[in-house]
file model_10.txt (compact mmCIF, C-alpha atoms)
# COMPACT_ATOMS: atom_id res chain seq x y z
CA MET K 1 389.64 -0.62 60.84
CA ARG K 2 387.16 0.24 63.66
CA LEU K 3 389.77 2.51 65.31
CA SER K 4 390.35 4.40 62.07
CA LEU K 5 386.62 4.86 61.57
CA LEU K 6 386.26 6.15 65.11
CA LEU K 7 389.11 8.60 64.54
CA SER K 8 387.54 9.81 61.33
CA GLY K 9 384.23 10.39 63.10
CA LEU K 10 382.27 7.91 61.01
CA ILE K 11 381.23 5.82 64.04
CA THR K 12 379.91 7.26 67.28
CA PRO K 13 381.20 5.44 70.37
CA VAL K 14 378.57 3.37 72.18
CA VAL K 15 377.92 4.37 75.79
CA ALA K 16 379.50 1.65 77.92
CA GLN K 17 377.20 2.05 80.90
CA PRO K 18 374.00 4.14 81.07
CA PHE K 19 373.68 7.16 83.30
CA ALA K 20 371.23 6.54 86.15
CA ILE K 21 368.56 9.18 86.75
CA GLU K 22 366.67 8.44 89.96
CA VAL K 23 363.45 10.27 90.80
CA ILE K 24 362.29 10.25 94.42
CA ASP K 25 359.52 11.83 96.46
CA ALA K 26 361.01 14.84 98.26
CA ALA K 27 359.02 14.04 101.41
CA THR K 28 359.32 10.25 101.66
CA LYS K 29 362.58 9.76 99.69
CA LYS K 30 360.91 6.79 98.00
CA PRO K 31 361.15 6.15 94.24
CA VAL K 32 358.33 7.52 92.10
CA PRO K 33 357.23 5.61 88.98
CA ILE K 34 355.80 7.16 85.80
CA ILE K 35 357.67 10.46 86.00
CA GLN K 36 358.45 11.93 82.58
CA VAL K 37 361.98 13.16 81.92
CA GLU K 38 362.45 15.01 78.61
CA THR K 39 365.41 16.69 76.93
CA VAL K 40 365.13 20.06 75.22
CA HIS K 41 364.78 18.30 71.86
CA HIS K 42 362.07 15.95 73.17
CA VAL K 43 363.89 12.73 73.89
CA VAL K 44 361.40 11.33 76.41
CA ASP K 45 361.40 8.49 78.90
CA TYR K 46 359.53 7.54 82.06
CA THR K 47 360.71 6.18 85.38
CA ASP K 48 360.12 2.52 86.13
CA ASN K 49 358.93 1.10 89.45
CA ALA K 50 362.38 1.71 90.92
CA GLY K 51 362.08 5.39 90.02
CA LEU K 52 364.92 4.95 87.51
CA ILE K 53 365.74 5.98 83.97
CA ALA K 54 368.77 4.54 82.17
CA PHE K 55 369.98 7.41 79.98
CA ASP K 56 372.52 6.49 77.30
CA GLU K 57 371.94 8.85 74.39
CA PRO K 58 375.10 8.88 72.23
CA GLY K 59 376.29 12.42 71.58
CA LEU K 60 374.64 13.82 74.69
CA MET K 61 376.92 12.35 77.32
CA ASP K 62 379.59 14.19 79.32
CA GLN K 63 377.99 17.61 79.04
CA ASP K 64 375.35 19.66 80.81
CA LEU K 65 371.81 18.73 79.75
CA TRP K 66 368.48 20.17 80.74
CA PHE K 67 365.66 17.72 81.49
CA ASN K 68 362.05 18.82 81.83
CA VAL K 69 360.41 16.83 84.63
CA SER K 70 356.68 16.20 85.05
CA GLY K 71 354.51 13.39 86.22
CA HIS K 72 350.76 13.24 86.96
CA GLY K 73 350.49 14.69 90.45
CA TYR K 74 354.19 15.40 90.97
CA GLU K 75 356.33 18.39 90.04
CA VAL K 76 359.63 20.17 90.62
CA LYS K 77 359.94 23.84 91.49
CA ALA K 78 359.91 26.21 88.52
CA ASP K 79 363.00 28.26 87.76
CA GLY K 80 362.95 31.98 87.02
CA PHE K 81 361.65 31.40 83.50
CA GLY K 82 358.95 28.96 84.60
CA TYR K 83 360.72 25.79 83.49
CA ARG K 84 360.31 22.79 85.77
CA GLY K 85 363.21 20.41 85.52
CA ALA K 86 366.86 19.80 86.32
CA LYS K 87 370.26 20.35 84.75
CA LEU K 88 372.34 17.17 84.88
CA HIS K 89 375.74 16.09 83.57
CA PRO K 90 375.22 12.52 82.31
CA SER K 91 378.28 10.31 82.20
CA SER K 92 378.78 6.61 81.60
CA GLY K 93 378.15 4.80 84.89
CA GLY K 94 377.25 8.02 86.69
CA LYS K 95 374.06 8.83 88.56
CA ALA K 96 371.93 11.75 89.70
CA THR K 97 368.84 12.14 91.86
CA ILE K 98 365.88 14.41 91.17
CA GLU K 99 363.44 15.14 94.00
CA VAL K 100 359.81 15.79 93.07
CA THR K 101 357.10 17.35 95.20
CA ARG K 102 353.90 15.35 95.46
CA LEU K 103 350.77 17.38 94.68
CA ASN K 104 348.42 14.42 94.88
CA ILE K 105 347.23 13.44 98.34
CA ALA K 106 347.66 9.79 97.38
CA GLU K 107 351.17 8.44 96.81
CA ARG K 108 351.95 6.54 93.61
CA ILE K 109 353.67 3.27 94.55
CA GLN K 110 354.06 1.00 91.54
CA ARG K 111 352.70 -0.29 88.27
CA LEU K 112 351.30 -3.74 88.97
CA THR K 113 350.87 -5.21 85.49
CA GLY K 114 352.49 -5.18 82.06
CA ALA K 115 356.01 -5.35 80.69
CA GLY K 116 359.11 -3.54 81.86
CA ARG K 117 358.07 -2.71 85.39
CA PHE K 118 361.78 -2.60 86.27
CA VAL K 119 363.17 -2.07 82.76
CA HIS K 120 365.60 0.72 83.65
CA ALA K 121 366.80 -1.07 86.76
CA ALA K 122 367.65 -4.03 84.50
CA LYS K 123 369.52 -1.81 82.04
CA LEU K 124 371.52 -0.35 84.92
CA GLY K 125 372.33 -3.73 86.45
CA ARG K 126 370.26 -2.92 89.53
CA PRO K 127 368.07 -5.46 91.39
CA THR K 128 364.81 -6.35 89.66
CA PRO K 129 362.49 -7.71 92.37
CA GLY K 130 359.54 -10.00 91.80
CA LYS K 131 359.05 -13.22 89.86
CA ASP K 132 358.55 -11.57 86.44
CA PRO K 133 359.91 -8.01 86.63
CA LEU K 134 360.16 -7.50 82.86
CA LEU K 135 357.47 -9.58 81.14
CA ALA K 136 354.95 -12.09 82.47
CA THR K 137 353.02 -14.41 80.15
CA GLN K 138 353.37 -11.95 77.22
CA VAL K 139 351.04 -9.47 78.97
CA LEU K 140 351.74 -5.88 77.93
CA GLY K 141 348.64 -4.35 79.49
CA CYS K 142 345.22 -5.14 80.92
CA ASP K 143 342.04 -3.28 81.75
CA SER K 144 340.11 -3.02 85.04
CA VAL K 145 340.66 -5.42 87.92
CA HIS K 146 338.37 -7.46 90.18
CA THR K 147 339.53 -9.65 93.07
CA ALA K 148 338.31 -12.40 95.39
CA THR K 149 339.87 -15.00 97.65
CA PHE K 150 339.11 -18.60 96.70
CA GLN K 151 340.58 -21.94 97.80
CA GLY K 152 343.40 -20.30 99.72
CA ARG K 153 344.53 -18.02 96.89
CA MET K 154 343.88 -14.47 95.77
CA PHE K 155 342.15 -14.40 92.38
CA TRP K 156 342.72 -11.43 90.06
CA LEU K 157 340.48 -10.87 87.05
CA TRP K 158 340.98 -8.34 84.23
CA GLY K 159 339.21 -7.38 81.02
CA ASP K 160 340.78 -6.88 77.60
CA THR K 161 344.50 -7.73 77.64
CA ASN K 162 347.28 -6.69 75.25
CA ARG K 163 349.86 -9.23 74.08
CA ALA K 164 353.45 -8.87 72.92
CA SER K 165 353.21 -10.91 69.70
CA TYR K 166 350.26 -9.20 67.96
CA PRO K 167 348.04 -6.09 68.25
CA LEU K 168 344.97 -8.22 69.06
CA GLY K 169 345.14 -9.79 72.50
CA ASN K 170 342.68 -11.52 74.81
CA PHE K 171 339.09 -10.26 74.79
CA SER K 172 337.59 -13.11 76.82
CA THR K 173 338.79 -12.15 80.30
CA THR K 174 342.19 -12.76 81.90
CA LEU K 175 342.60 -14.53 85.24
CA ALA K 176 345.51 -15.03 87.62
CA THR K 177 346.12 -16.08 91.20
CA SER K 178 348.61 -14.97 93.81
CA ALA K 179 349.45 -15.60 97.42
CA LEU K 180 347.00 -14.14 99.92
CA PRO K 181 347.39 -10.46 100.88
CA GLY K 182 350.25 -9.99 103.32
CA GLU K 183 352.07 -13.14 102.24
CA VAL K 184 355.28 -13.09 100.21
CA GLY K 185 354.35 -12.30 96.62
CA CYS K 186 351.24 -10.30 97.54
CA ARG K 187 352.31 -7.23 99.46
CA PRO K 188 351.51 -3.70 98.30
CA ASP K 189 355.02 -2.33 98.79
CA ALA K 190 356.59 -5.02 96.57
CA PRO K 191 355.78 -6.56 93.17
CA ILE K 192 352.76 -8.85 93.17
CA ASP K 193 353.62 -12.23 91.66
CA TYR K 194 350.71 -13.22 89.43
CA ASP K 195 350.29 -16.80 88.26
CA TYR K 196 348.29 -16.38 85.06
CA PHE K 197 346.03 -19.03 83.58
CA LYS K 198 347.82 -19.74 80.29
CA ALA K 199 346.90 -20.94 76.83
CA GLU K 200 349.03 -23.44 74.90
CA ASP K 201 350.90 -20.63 73.09
CA GLY K 202 352.14 -19.21 76.40
CA PHE K 203 349.84 -16.17 76.37
CA VAL K 204 347.03 -15.81 78.88
CA LYS K 205 343.99 -18.00 78.44
CA GLY K 206 340.60 -16.48 77.74
CA VAL K 207 338.65 -17.85 80.70
CA ALA K 208 335.20 -16.64 79.58
CA ARG K 209 334.90 -17.74 75.96
CA PHE K 210 331.14 -17.43 75.69
CA PRO K 211 329.53 -17.56 72.23
CA GLY K 212 328.44 -14.36 70.53
CA GLU K 213 329.87 -11.24 68.96
CA GLY K 214 332.49 -9.18 70.75
CA PRO K 215 334.41 -9.40 74.02
CA THR K 216 333.24 -11.05 77.23
CA TRP K 217 333.69 -8.84 80.30
CA LEU K 218 333.32 -10.13 83.83
CA GLY K 219 332.64 -8.17 87.00
CA ALA K 220 331.09 -8.46 90.45
CA LEU K 221 333.60 -11.22 91.28
CA VAL K 222 332.78 -12.84 94.60
CA THR K 223 333.31 -16.07 96.54
CA LEU K 224 330.10 -17.57 97.90
CA LYS K 225 329.30 -20.60 100.04
CA ASP K 226 326.32 -22.80 99.35
CA HIS K 227 324.15 -24.29 102.09
CA ASP K 228 326.53 -27.26 102.34
CA GLY K 229 329.53 -24.99 102.93
CA LYS K 230 331.12 -25.46 99.50
CA GLU K 231 332.85 -22.42 98.00
CA HIS K 232 331.98 -21.08 94.54
CA LEU K 233 333.82 -18.35 92.60
CA CYS K 234 331.10 -16.34 90.90
CA ALA K 235 330.80 -13.34 88.59
CA THR K 236 328.48 -11.39 86.32
CA TYR K 237 329.26 -11.54 82.60
CA ALA K 238 328.48 -9.19 79.73
CA LYS K 239 328.77 -9.80 76.01
CA VAL K 240 329.78 -6.51 74.43
CA LYS K 241 329.43 -5.07 70.93
CA PRO K 242 332.27 -3.04 69.35
CA SER K 243 330.30 0.05 70.35
CA MET K 244 330.86 -1.08 73.99
CA GLU K 245 327.14 -1.72 74.39
CA ALA K 246 326.28 -4.88 76.34
CA TYR K 247 323.72 -7.00 74.47
CA GLU K 248 323.68 -9.99 76.84
CA ARG K 249 324.27 -10.30 80.58
CA GLY K 250 324.12 -13.13 83.05
CA LEU K 251 325.77 -15.01 85.89
CA CYS K 252 328.73 -17.34 85.57
CA GLU K 253 330.83 -19.57 87.82
CA PHE K 254 334.45 -20.69 87.68
CA ASP K 255 334.97 -24.35 86.82
CA PHE K 256 338.20 -25.22 88.61
CA GLU K 257 338.66 -28.44 86.65
CA LYS K 258 338.41 -26.77 83.23
CA LYS K 259 340.07 -23.54 84.43
CA GLU K 260 337.34 -21.39 82.89
CA PHE K 261 333.99 -19.82 83.69
CA ARG K 262 330.70 -21.39 82.66
CA LYS K 263 327.31 -19.74 82.32
CA VAL K 264 324.83 -20.23 85.16
CA VAL K 265 322.01 -17.82 84.29
CA THR K 266 321.34 -15.61 81.27
CA PHE K 267 319.26 -12.56 82.15
CA ALA K 268 316.16 -11.70 80.18
CA PRO K 269 316.72 -8.65 77.94
CA GLY K 270 316.24 -5.44 79.89
CA THR K 271 316.74 -7.00 83.33
CA PRO K 272 317.19 -3.88 85.48
CA LEU K 273 318.75 -5.34 88.62
CA TYR K 274 321.81 -7.59 88.70
CA PRO K 275 325.15 -7.86 90.54
CA ASP K 276 327.51 -5.22 89.19
CA GLY K 277 330.73 -3.53 90.26
CA HIS K 278 332.36 -4.92 93.40
CA ALA K 279 331.03 -6.95 96.31
CA PHE K 280 331.20 -6.24 100.04
CA ARG K 281 329.59 -7.74 103.10
CA GLN K 282 327.76 -6.21 106.07
CA GLU K 283 325.79 -7.86 108.87
CA GLY K 284 325.24 -11.14 107.03
CA LYS K 285 324.19 -9.56 103.76
CA LEU K 286 326.00 -9.27 100.45
CA TYR K 287 326.09 -5.97 98.57
CA PHE K 288 327.15 -5.02 95.04
CA GLY K 289 327.89 -1.61 93.62
CA GLN K 290 330.39 0.90 92.34
CA ALA K 291 330.86 4.21 94.19
CA THR K 292 327.69 3.35 96.12
CA PRO K 293 325.71 0.09 96.46
CA THR K 294 322.86 -0.75 94.12
CA LEU K 295 321.82 -4.27 95.18
CA SER K 296 321.73 -6.52 98.25
CA LEU K 297 320.89 -10.16 98.86
CA GLU K 298 321.38 -12.98 101.33
CA ASP K 299 325.05 -13.95 101.52
CA SER K 300 324.71 -17.37 99.88
CA TYR K 301 325.30 -19.09 96.57
CA GLU K 302 321.64 -20.07 96.33
CA ALA K 303 320.45 -16.47 96.78
CA TRP K 304 322.94 -15.24 94.19
CA LYS K 305 321.42 -17.61 91.60
CA ASP K 306 317.86 -16.55 92.51
CA LEU K 307 317.12 -13.23 90.80
CA GLY K 308 313.93 -13.02 92.83
CA SER K 309 316.00 -12.58 96.00
CA TYR K 310 317.68 -9.40 94.75
CA GLN K 311 316.78 -6.21 96.59
CA SER K 312 317.27 -2.78 95.06
CA ILE K 313 318.99 -0.15 97.22
CA THR K 314 318.25 3.55 97.27
CA CYS K 315 321.13 5.73 98.44
CA ASP K 316 321.22 9.33 99.63
CA ILE K 317 323.69 10.74 97.10
CA ALA K 318 324.58 14.38 96.52
CA PHE K 319 328.33 14.41 95.94
CA THR K 320 329.99 17.82 95.92
CA ASP K 321 333.55 19.09 95.74
CA THR K 322 334.93 19.96 99.18
CA SER K 323 336.68 23.10 97.96
CA THR K 324 334.15 24.59 95.54
CA GLY K 325 330.86 23.10 96.67
CA LYS K 326 330.03 22.29 93.05
CA PRO K 327 328.12 19.07 92.28
CA VAL K 328 330.16 16.01 91.39
CA LYS K 329 328.95 12.99 89.42
CA ALA K 330 330.59 9.69 90.30
CA HIS K 331 331.78 7.28 87.65
CA ASN K 332 332.84 3.74 88.65
CA GLY K 333 334.44 3.10 92.02
CA SER K 334 334.50 0.85 95.05
CA LEU K 335 333.28 0.95 98.63
CA SER K 336 334.60 -0.45 101.91
CA TRP K 337 334.33 -0.03 105.67
CA ASN K 338 337.29 1.70 107.27
CA PRO K 339 337.96 0.90 110.94
CA TRP K 340 340.25 3.91 111.45
CA ARG K 341 337.71 6.47 110.22
CA LYS K 342 334.84 4.33 111.49
CA LYS K 343 333.00 5.19 108.30
CA TRP K 344 332.33 3.79 104.87
CA ILE K 345 334.80 5.01 102.27
CA SER K 346 334.03 5.44 98.59
CA LEU K 347 336.80 5.94 96.03
CA PHE K 348 335.56 6.79 92.56
CA SER K 349 336.45 8.41 89.25
CA ASP K 350 334.98 11.83 88.55
CA ALA K 351 332.63 11.32 85.60
CA ALA K 352 333.63 14.72 84.20
CA LYS K 353 337.36 14.07 84.60
CA LEU K 354 338.22 10.38 84.41
CA GLY K 355 341.80 11.15 85.43
CA GLN K 356 340.66 12.26 88.88
CA ILE K 357 340.05 9.89 91.78
CA ARG K 358 337.84 11.23 94.57
CA TYR K 359 337.47 10.24 98.21
CA ALA K 360 334.19 10.42 100.13
CA GLU K 361 332.92 8.92 103.37
CA ALA K 362 329.56 8.25 105.02
CA PRO K 363 328.21 6.59 108.19
CA SER K 364 326.33 4.00 106.12
CA PRO K 365 326.81 2.39 102.70
CA THR K 366 323.63 4.15 101.63
CA GLY K 367 324.87 7.57 102.76
CA PRO K 368 324.34 10.35 103.19
CA TRP K 369 327.07 10.88 100.59
CA ARG K 370 328.06 14.52 100.34
CA LYS K 371 331.55 16.07 100.19
CA SER K 372 334.37 14.56 98.16
CA VAL K 373 338.01 15.49 97.67
CA VAL K 374 340.39 14.73 94.78
CA ILE K 375 343.16 12.45 96.05
CA ALA K 376 344.86 11.61 92.73
CA ASN K 377 344.94 13.55 89.48
CA HIS K 378 346.30 12.54 86.08
CA ASP K 379 346.89 15.33 83.57
CA HIS K 380 345.02 14.80 80.29
CA TYR K 381 344.97 11.07 81.00
CA SER K 382 342.36 8.58 82.23
CA PHE K 383 342.64 6.65 85.47
CA TYR K 384 339.41 4.77 85.93
CA ASN K 385 337.67 1.86 87.69
CA PRO K 386 339.52 2.25 91.02
CA LEU K 387 339.47 -0.72 93.37
CA GLN K 388 340.19 -0.49 97.08
CA HIS K 389 342.26 -3.22 98.72
CA PRO K 390 341.10 -3.38 102.36
CA ALA K 391 343.22 -6.50 102.92
CA PHE K 392 346.34 -4.40 102.33
CA SER K 393 345.35 -1.75 104.89
CA SER K 394 347.72 -1.11 107.79
CA GLU K 395 347.92 0.95 110.97
CA GLY K 396 344.37 0.00 111.89
CA GLY K 397 343.04 1.22 108.57
CA ARG K 398 344.86 4.56 108.63
CA VAL K 399 346.81 3.58 105.50
CA ILE K 400 344.74 2.28 102.60
CA TRP K 401 345.61 1.17 99.07
CA PHE K 402 343.83 1.33 95.74
CA GLU K 403 344.59 0.62 92.10
CA GLY K 404 343.08 1.69 88.80
CA THR K 405 343.60 1.58 85.05
CA LEU K 406 345.95 4.19 83.56
CA THR K 407 345.08 4.72 79.89
CA THR K 408 344.61 7.25 77.11
CA THR K 409 341.13 5.81 76.51
CA PHE K 410 338.45 8.53 76.81
CA SER K 411 341.12 11.15 77.61
CA GLY K 412 341.49 12.69 74.15
CA ASN K 413 345.24 12.39 74.53
CA PRO K 414 346.74 10.81 71.39
CA VAL K 415 350.11 10.12 73.05
CA ALA K 416 350.25 6.98 75.20
CA ILE K 417 352.84 6.62 77.95
CA PRO K 418 355.29 3.94 76.76
CA ARG K 419 355.11 0.68 78.75
CA HIS K 420 352.78 2.13 81.40
CA ASP K 421 349.67 2.80 79.30
CA TYR K 422 346.69 0.44 79.69
CA ASN K 423 347.92 -1.02 82.95
CA GLN K 424 347.08 -1.15 86.63
CA VAL K 425 348.79 1.36 88.92
CA LEU K 426 348.78 1.16 92.72
CA TYR K 427 348.40 4.11 95.10
CA ARG K 428 348.76 4.51 98.86
CA LEU K 429 346.61 6.92 100.89
CA ASP K 430 347.31 8.02 104.46
CA LEU K 431 343.96 8.96 105.99
CA SER K 432 345.67 11.07 108.66
CA ASP K 433 346.56 13.63 105.98
CA PRO K 434 344.46 16.70 106.86
CA ARG K 435 343.70 17.23 103.16
CA VAL K 436 341.56 14.08 103.20
CA GLU K 437 339.06 15.73 105.55
CA THR K 438 335.52 15.86 104.14
CA GLY K 439 333.70 16.82 107.34
CA PRO K 440 331.01 19.50 107.72

call {"tool": "encode", "arguments": {"input": "model_10.txt", "output": "structure tokens"}}
result
Amino acid sequence: MRLSLLLSGLITPVVAQPFAIEVIDAATKKPVPIIQVETVHHVVDYTDNAGLIAFDEPGLMDQDLWFNVSGHGYEVKADGFGYRGAKLHPSSGGKATIEVTRLNIAERIQRLTGAGRFVHAAKLGRPTPGKDPLLATQVLGCDSVHTATFQGRMFWLWGDTNRASYPLGNFSTTLATSALPGEVGCRPDAPIDYDYFKAEDGFVKGVARFPGEGPTWLGALVTLKDHDGKEHLCATYAKVKPSMEAYERGLCEFDFEKKEFRKVVTFAPGTPLYPDGHAFRQEGKLYFGQATPTLSLEDSYEAWKDLGSYQSITCDIAFTDTSTGKPVKAHNGSLSWNPWRKKWISLFSDAAKLGQIRYAEAPSPTGPWRKSVVIANHDHYSFYNPLQHPAFSSEGGRVIWFEGTLTTTFSGNPVAIPRHDYNQVLYRLDLSDPRVETGP
């Protein structure tokens, strides 16, 4: 019966094995994730972390097909009519490679969180590295990361988190641990194996379930020692209205026995100075801030709890664009000392274009902060809250790594990138690239 239906054209044969489209960086020959490949009639897919797409569209196999190719800081050369793409001949079990030119100074390495990080590799029967290459703890996406080392593990903290089983996910902060940077399971050029704190239903546990309306967001995550040498994992919390306005802030600490944070201090309404952003240390003092520091205190648990010990910081800030000289306003970011440049490096989102990440450097955390250069651009898409990972740096600090949240939020783009949207994406930056220069 099936044979007769096939012969009569009533059933289209199923493709036995997908056609492998591999997208690589023309310079490094490494796979490039999140590259869009689109047919003339708008069948769209995006490369996974292996740079692969498994193409198996019935009716379109075994013939020449044009694919438009684009991808947030990467492109292919335009043809005579201005089309950027490639003509391929997909066949069952076949493969083709497309080379893309990187326009961004920073190199996109991998998506760190969410489902289907190696989905096309799995469809093609290729290796799928990492502990959970397709779906971990039902997490489809998560917003904005903070990190700290505590009790011999790396702790990773995120905000609102999407789940597979329902549109409403976790709004009380998500937490996971991993091996320490450089160890197996926590290397920037391979998947990071997160061990999430789980609820009874198998989804992530909300680790900051504080009373009150709206989500609980945590930031300024830091490990502190008290005067007896005991370690404490600490953070600043905010209770947030649906309008994204914080109506309560305070300090909280992780209770390792209960596997959740507990309140330590609730700030009086209107408290102007509190730990925010990301922490870094210099000469025995602890600093907090985003693109630039805003607060310092003694590097101790006791000082952190004592709001009277907080010292406000004034920075010399006048960011401009290196090419145009026009003023630039920094959105959120992170700051770290770089031993290769022998300067402080700030990576931040451009407040006017949240899809742009800028690089700036100064001799001191307080500045003077002047010229900045765009190192990663995302077309009509947000990429915000970048976090540097100094522990991943190599070659004496010449190669640095940062991640951020890729999302349609605030972009005005109504079309989300399947699988990749609302997730953390990792970039690599080689500071020897002459385009990074922000000197006089």

call {"tool": "residues_around", "arguments": {"input": "model_10.txt", "residues": "Ala164 (chain K)", "least_positions_apart": "4", "cutoff": "8 Å", "atoms": "all atoms listed in the file", "output": "VMD selection string"}}
result
chain K and resid 138 to 140

call {"tool": "closest_residue", "arguments": {"input": "model_10.txt", "among": "K:Tyr422, K:Trp344, K:Tyr83, K:Tyr427", "to": "Ile375 (chain K)", "atoms": "only C-alpha atoms"}}
result
K:Tyr427

call {"tool": "residues_around", "arguments": {"input": "model_10.txt", "residues": "region 246-255 of chain K", "least_positions_apart": "2", "cutoff": "9 Å", "atoms": "all atoms listed in the file", "output": "number ranges by chain"}}
result
K: 207-208, 218, 232-241, 243-244, 257-269, 271, 274-275, 304-305

call {"tool": "closest_residue", "arguments": {"input": "model_10.txt", "among": "K:Asp56, K:Asp201, K:Glu245, K:Glu107", "to": "Gly93 (chain K)", "atoms": "only C-alpha atoms"}}
result
K:Asp56

call {"tool": "closest_residue", "arguments": {"input": "model_10.txt", "among": "K:Pro191, K:Gly141, K:Gly59, K:Gly182", "to": "Gly169 (chain K)", "atoms": "only C-alpha atoms"}}
result
K:Gly141

call {"tool": "closest_residue", "arguments": {"input": "model_10.txt", "among": "K:Asp79, K:Asp195, K:Asp48, K:Glu200", "to": "Thr128 (chain K)", "atoms": "all atoms listed in the file"}}
result
K:Asp48

call {"tool": "residues_around", "arguments": {"input": "model_10.txt", "residues": "region 174-176 of chain K", "least_positions_apart": "6", "cutoff": "12 Å", "atoms": "all atoms listed in the file", "output": "PyMOL selection string"}}
result
chain K and resi 113+136-137+139+141-150+153-163+192-199+203-209+215-219+221+254+259-261

call {"tool": "closest_residue", "arguments": {"input": "model_10.txt", "among": "K:Gly214, K:Arg117, K:Gln151, K:Asp276", "to": "Phe171 (chain K)", "atoms": "only C-alpha atoms"}}
result
K:Gly214

call {"tool": "closest_residue", "arguments": {"input": "model_10.txt", "among": "K:Pro90, K:Pro386, K:Pro133, K:Pro242", "to": "Gly277 (chain K)", "atoms": "all atoms listed in the file"}}
result
K:Pro386

call {"tool": "atom_distance", "arguments": {"input": "model_10.txt", "atom1": "CA of Val32 (chain K)", "atom2": "CA of Tyr359 (chain K)"}}
result
21.9 Å

call {"tool": "atom_distance", "arguments": {"input": "model_10.txt", "atom1": "CA of Arg419 (chain K)", "atom2": "CA of Leu168 (chain K)"}}
result
16.6 Å

call {"tool": "atom_distance", "arguments": {"input": "model_10.txt", "atom1": "CA of Asp421 (chain K)", "atom2": "CA of Val328 (chain K)"}}
result
26.5 Å

call {"tool": "closest_atom_pairs", "arguments": {"input": "model_10.txt", "of": "region 72-149 of chain K", "to": "region 15-20 of chain K", "cutoff": "10 Å", "atoms": "only C-alpha atoms", "output": "CSV"}}
result
residue,atom,partner,partner_atom,distance
K:His89,CA,K:Phe19,CA,9.2
K:Pro90,CA,K:Phe19,CA,5.7
K:Ser91,CA,K:Phe19,CA,5.7
K:Ser92,CA,K:Gln17,CA,4.9
K:Gly93,CA,K:Gln17,CA,4.9
K:Gly94,CA,K:Phe19,CA,5.0
K:Lys95,CA,K:Ala20,CA,4.4
K:Ala96,CA,K:Ala20,CA,6.3
K:Thr97,CA,K:Ala20,CA,8.3
K:His120,CA,K:Ala20,CA,8.5
K:Ala121,CA,K:Ala20,CA,8.8
K:Lys123,CA,K:Pro18,CA,7.5
K:Leu124,CA,K:Pro18,CA,6.4
K:Gly125,CA,K:Gln17,CA,9.4

call {"tool": "residues_around", "arguments": {"input": "model_10.txt", "residues": "Ser382 (chain K)", "least_positions_apart": "5", "cutoff": "6 Å", "atoms": "all atoms listed in the file", "output": "number ranges by chain"}}
result
K: 354-355, 406-408, 411

call {"tool": "residues_around", "arguments": {"input": "model_10.txt", "residues": "Val76 (chain K)", "least_positions_apart": "5", "cutoff": "6 Å", "atoms": "all atoms listed in the file", "output": "list in words"}}
result
Arg84, Val100 and Thr101 of chain K

call {"tool": "residues_near_point", "arguments": {"input": "model_10.txt", "point": "(354.8, -4.1, 98.9)", "cutoff": "12 Å", "atoms": "only C-alpha atoms", "output": "VMD selection string"}}
result
chain K and resid 49 109 to 112 129 to 130 181 to 193 392 to 394 401 426 to 428
